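Data first, discussion second: the structure below is written as structure tokens.
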Amino acid sequence: MKRRRPEIVGDELQKIISSIIATKLKDPRVPFMTSVTGVKMSADLSHATVLLSVYGDEKTKKDAMDAIEHAKGFIRYEAVQQIDLRIAPELHFKLDNTLEEAERMEALIAKTLADDERRRIESEEKESE
């Protein structure tokens with residue numbers, strides 16, 4: 001199956017922006033455990049939504065997002081130097097909460113399984129009396 005151009009460009013931008021944040025962005029508000037989890041390009045390649053995962057509490061995440069928003073022009077300039085596009089895409093940064101949501105869902109599933117097991121044991125004990 002052929003991959004569409006926006007997906008290909010998005011994958012390449014993900015690698016490039018991840019490298020820029022890790023090596024060239026010197027803002028102390030951006031923690032070491034900040035990663036680019038995805039880049040979604042518009043059909044005309046003029047806009048890129050960059051999904052970021054930041055490890056830390058809510059204040060750390062907010063500070064990191066503020067720092068990255070502040071450095072948006074620098075990141076865009078550096079990215080365009082490394083990729084050959086006719087138009088430099090406008091970057092939109094969003095916090096990716098999929099890891100936190102996955103942990104929350106996993107905890108809910110574990111709790112439900114434990115409750116079901118407890119009910120099963122209680123039911124068996126009542127039946128044996």
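Identifiers for the structure tokens are assigned positionally: chains receive A, B, ... in sequence, residues are indexed from 1 per chain, and ligands are indexed from 1 in the order shown.
For stretch 31-116 of chain A, the set of residues given strand (DSSP E or B) by DSSP on the backbone reads A:Thr34, A:Ser35, A:Val36, A:Thr37, A:Gly38, A:Val39, A:Lys40, A:Met41, A:His47, A:Ala48, A:Thr49, A:Val50, A:Leu51, A:Leu52, A:Ser53, A:Val54, A:Glu90, A:Leu91, A:His92, A:Phe93, A:Lys94, A:Leu95.
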Generate the output file for the selected residues, N, CA and C atoms, as a PDB file, in the first residue's frame.
```pdb
ATOM      1  N   THR A  34      11.654  14.463  27.114  1.00  0.00           N
ATOM      2  CA  THR A  34      10.659  15.034  26.211  1.00  0.00           C
ATOM      3  C   THR A  34      10.843  14.377  24.854  1.00  0.00           C
ATOM      4  N   SER A  35       9.760  13.828  24.327  1.00  0.00           N
ATOM      5  CA  SER A  35       9.895  13.157  23.030  1.00  0.00           C
ATOM      6  C   SER A  35       8.751  13.544  22.100  1.00  0.00           C
ATOM      7  N   VAL A  36       9.044  13.486  20.825  1.00  0.00           N
ATOM      8  CA  VAL A  36       8.044  13.750  19.801  1.00  0.00           C
ATOM      9  C   VAL A  36       7.395  12.410  19.469  1.00  0.00           C
ATOM     10  N   THR A  37       6.104  12.284  19.770  1.00  0.00           N
ATOM     11  CA  THR A  37       5.421  11.004  19.560  1.00  0.00           C
ATOM     12  C   THR A  37       4.755  10.913  18.194  1.00  0.00           C
ATOM     13  N   GLY A  38       4.617  12.042  17.511  1.00  0.00           N
ATOM     14  CA  GLY A  38       4.017  12.006  16.184  1.00  0.00           C
ATOM     15  C   GLY A  38       3.943  13.385  15.572  1.00  0.00           C
ATOM     16  N   VAL A  39       3.840  13.419  14.259  1.00  0.00           N
ATOM     17  CA  VAL A  39       3.635  14.667  13.527  1.00  0.00           C
ATOM     18  C   VAL A  39       2.557  14.396  12.489  1.00  0.00           C
ATOM     19  N   LYS A  40       1.495  15.182  12.536  1.00  0.00           N
ATOM     20  CA  LYS A  40       0.409  15.054  11.567  1.00  0.00           C
ATOM     21  C   LYS A  40       0.449  16.266  10.646  1.00  0.00           C
ATOM     22  N   MET A  41       0.626  16.005   9.377  1.00  0.00           N
ATOM     23  CA  MET A  41       0.729  17.064   8.374  1.00  0.00           C
ATOM     24  C   MET A  41      -0.624  17.318   7.728  1.00  0.00           C
ATOM     25  N   HIS A  47       0.860  22.948   7.335  1.00  0.00           N
ATOM     26  CA  HIS A  47       0.721  22.917   8.788  1.00  0.00           C
ATOM     27  C   HIS A  47       1.137  21.549   9.304  1.00  0.00           C
ATOM     28  N   ALA A  48       1.815  21.575  10.449  1.00  0.00           N
ATOM     29  CA  ALA A  48       2.233  20.331  11.092  1.00  0.00           C
ATOM     30  C   ALA A  48       1.831  20.383  12.561  1.00  0.00           C
ATOM     31  N   THR A  49       1.057  19.398  12.993  1.00  0.00           N
ATOM     32  CA  THR A  49       0.712  19.277  14.402  1.00  0.00           C
ATOM     33  C   THR A  49       1.700  18.303  15.017  1.00  0.00           C
ATOM     34  N   VAL A  50       2.495  18.808  15.955  1.00  0.00           N
ATOM     35  CA  VAL A  50       3.556  18.023  16.573  1.00  0.00           C
ATOM     36  C   VAL A  50       3.076  17.574  17.952  1.00  0.00           C
ATOM     37  N   LEU A  51       2.995  16.257  18.151  1.00  0.00           N
ATOM     38  CA  LEU A  51       2.560  15.698  19.428  1.00  0.00           C
ATOM     39  C   LEU A  51       3.779  15.416  20.293  1.00  0.00           C
ATOM     40  N   LEU A  52       3.757  15.973  21.500  1.00  0.00           N
ATOM     41  CA  LEU A  52       4.893  15.845  22.418  1.00  0.00           C
ATOM     42  C   LEU A  52       4.497  15.092  23.675  1.00  0.00           C
ATOM     43  N   SER A  53       5.386  14.260  24.140  1.00  0.00           N
ATOM     44  CA  SER A  53       5.218  13.576  25.413  1.00  0.00           C
ATOM     45  C   SER A  53       6.288  14.106  26.361  1.00  0.00           C
ATOM     46  N   VAL A  54       5.846  14.636  27.499  1.00  0.00           N
ATOM     47  CA  VAL A  54       6.769  15.211  28.479  1.00  0.00           C
ATOM     48  C   VAL A  54       6.603  14.445  29.778  1.00  0.00           C
ATOM     49  N   GLU A  90       3.894  25.513   9.163  1.00  0.00           N
ATOM     50  CA  GLU A  90       3.673  26.169  10.445  1.00  0.00           C
ATOM     51  C   GLU A  90       3.502  25.067  11.490  1.00  0.00           C
ATOM     52  N   LEU A  91       4.228  25.193  12.588  1.00  0.00           N
ATOM     53  CA  LEU A  91       4.218  24.156  13.614  1.00  0.00           C
ATOM     54  C   LEU A  91       3.196  24.477  14.697  1.00  0.00           C
ATOM     55  N   HIS A  92       2.432  23.459  15.077  1.00  0.00           N
ATOM     56  CA  HIS A  92       1.466  23.558  16.168  1.00  0.00           C
ATOM     57  C   HIS A  92       1.812  22.435  17.151  1.00  0.00           C
ATOM     58  N   PHE A  93       2.184  22.798  18.370  1.00  0.00           N
ATOM     59  CA  PHE A  93       2.592  21.804  19.355  1.00  0.00           C
ATOM     60  C   PHE A  93       1.428  21.465  20.276  1.00  0.00           C
ATOM     61  N   LYS A  94       1.238  20.153  20.503  1.00  0.00           N
ATOM     62  CA  LYS A  94       0.196  19.680  21.404  1.00  0.00           C
ATOM     63  C   LYS A  94       0.791  18.617  22.321  1.00  0.00           C
ATOM     64  N   LEU A  95       0.322  18.625  23.551  1.00  0.00           N
ATOM     65  CA  LEU A  95       0.769  17.636  24.526  1.00  0.00           C
ATOM     66  C   LEU A  95       0.053  16.318  24.261  1.00  0.00           C
TER      67      LEU A  95
END
```
Give me, as a ChimeraX atom specification, the residues of chain A that a backbone DSSP run labels helix (DSSP H, G or I).
/A:5-23,58-70,72-82,98-128
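Distance check against A:His70 using only C-alpha atoms: of A:Ser128, A:Arg86, A:Val30, A:Asp115, the minimum falls on A:Val30.
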When you look at A:Ile21 with a cut-off of 12 Å (counting only C-alpha atoms), what residues show up, excluding the ones that are within fewer than 3 positions of it in the same chain? I need them as a PyMOL selection string.
chain A and resi 13-18+24-36+50+52-54+64-65+67-69+71-72+74-76+78-79
In terms of the shortest atom-to-atom distance over only C-alpha atoms, which of A:Tyr55, A:Gly10, A:Thr112, A:Arg118 is closest to A:Leu99?
A:Tyr55
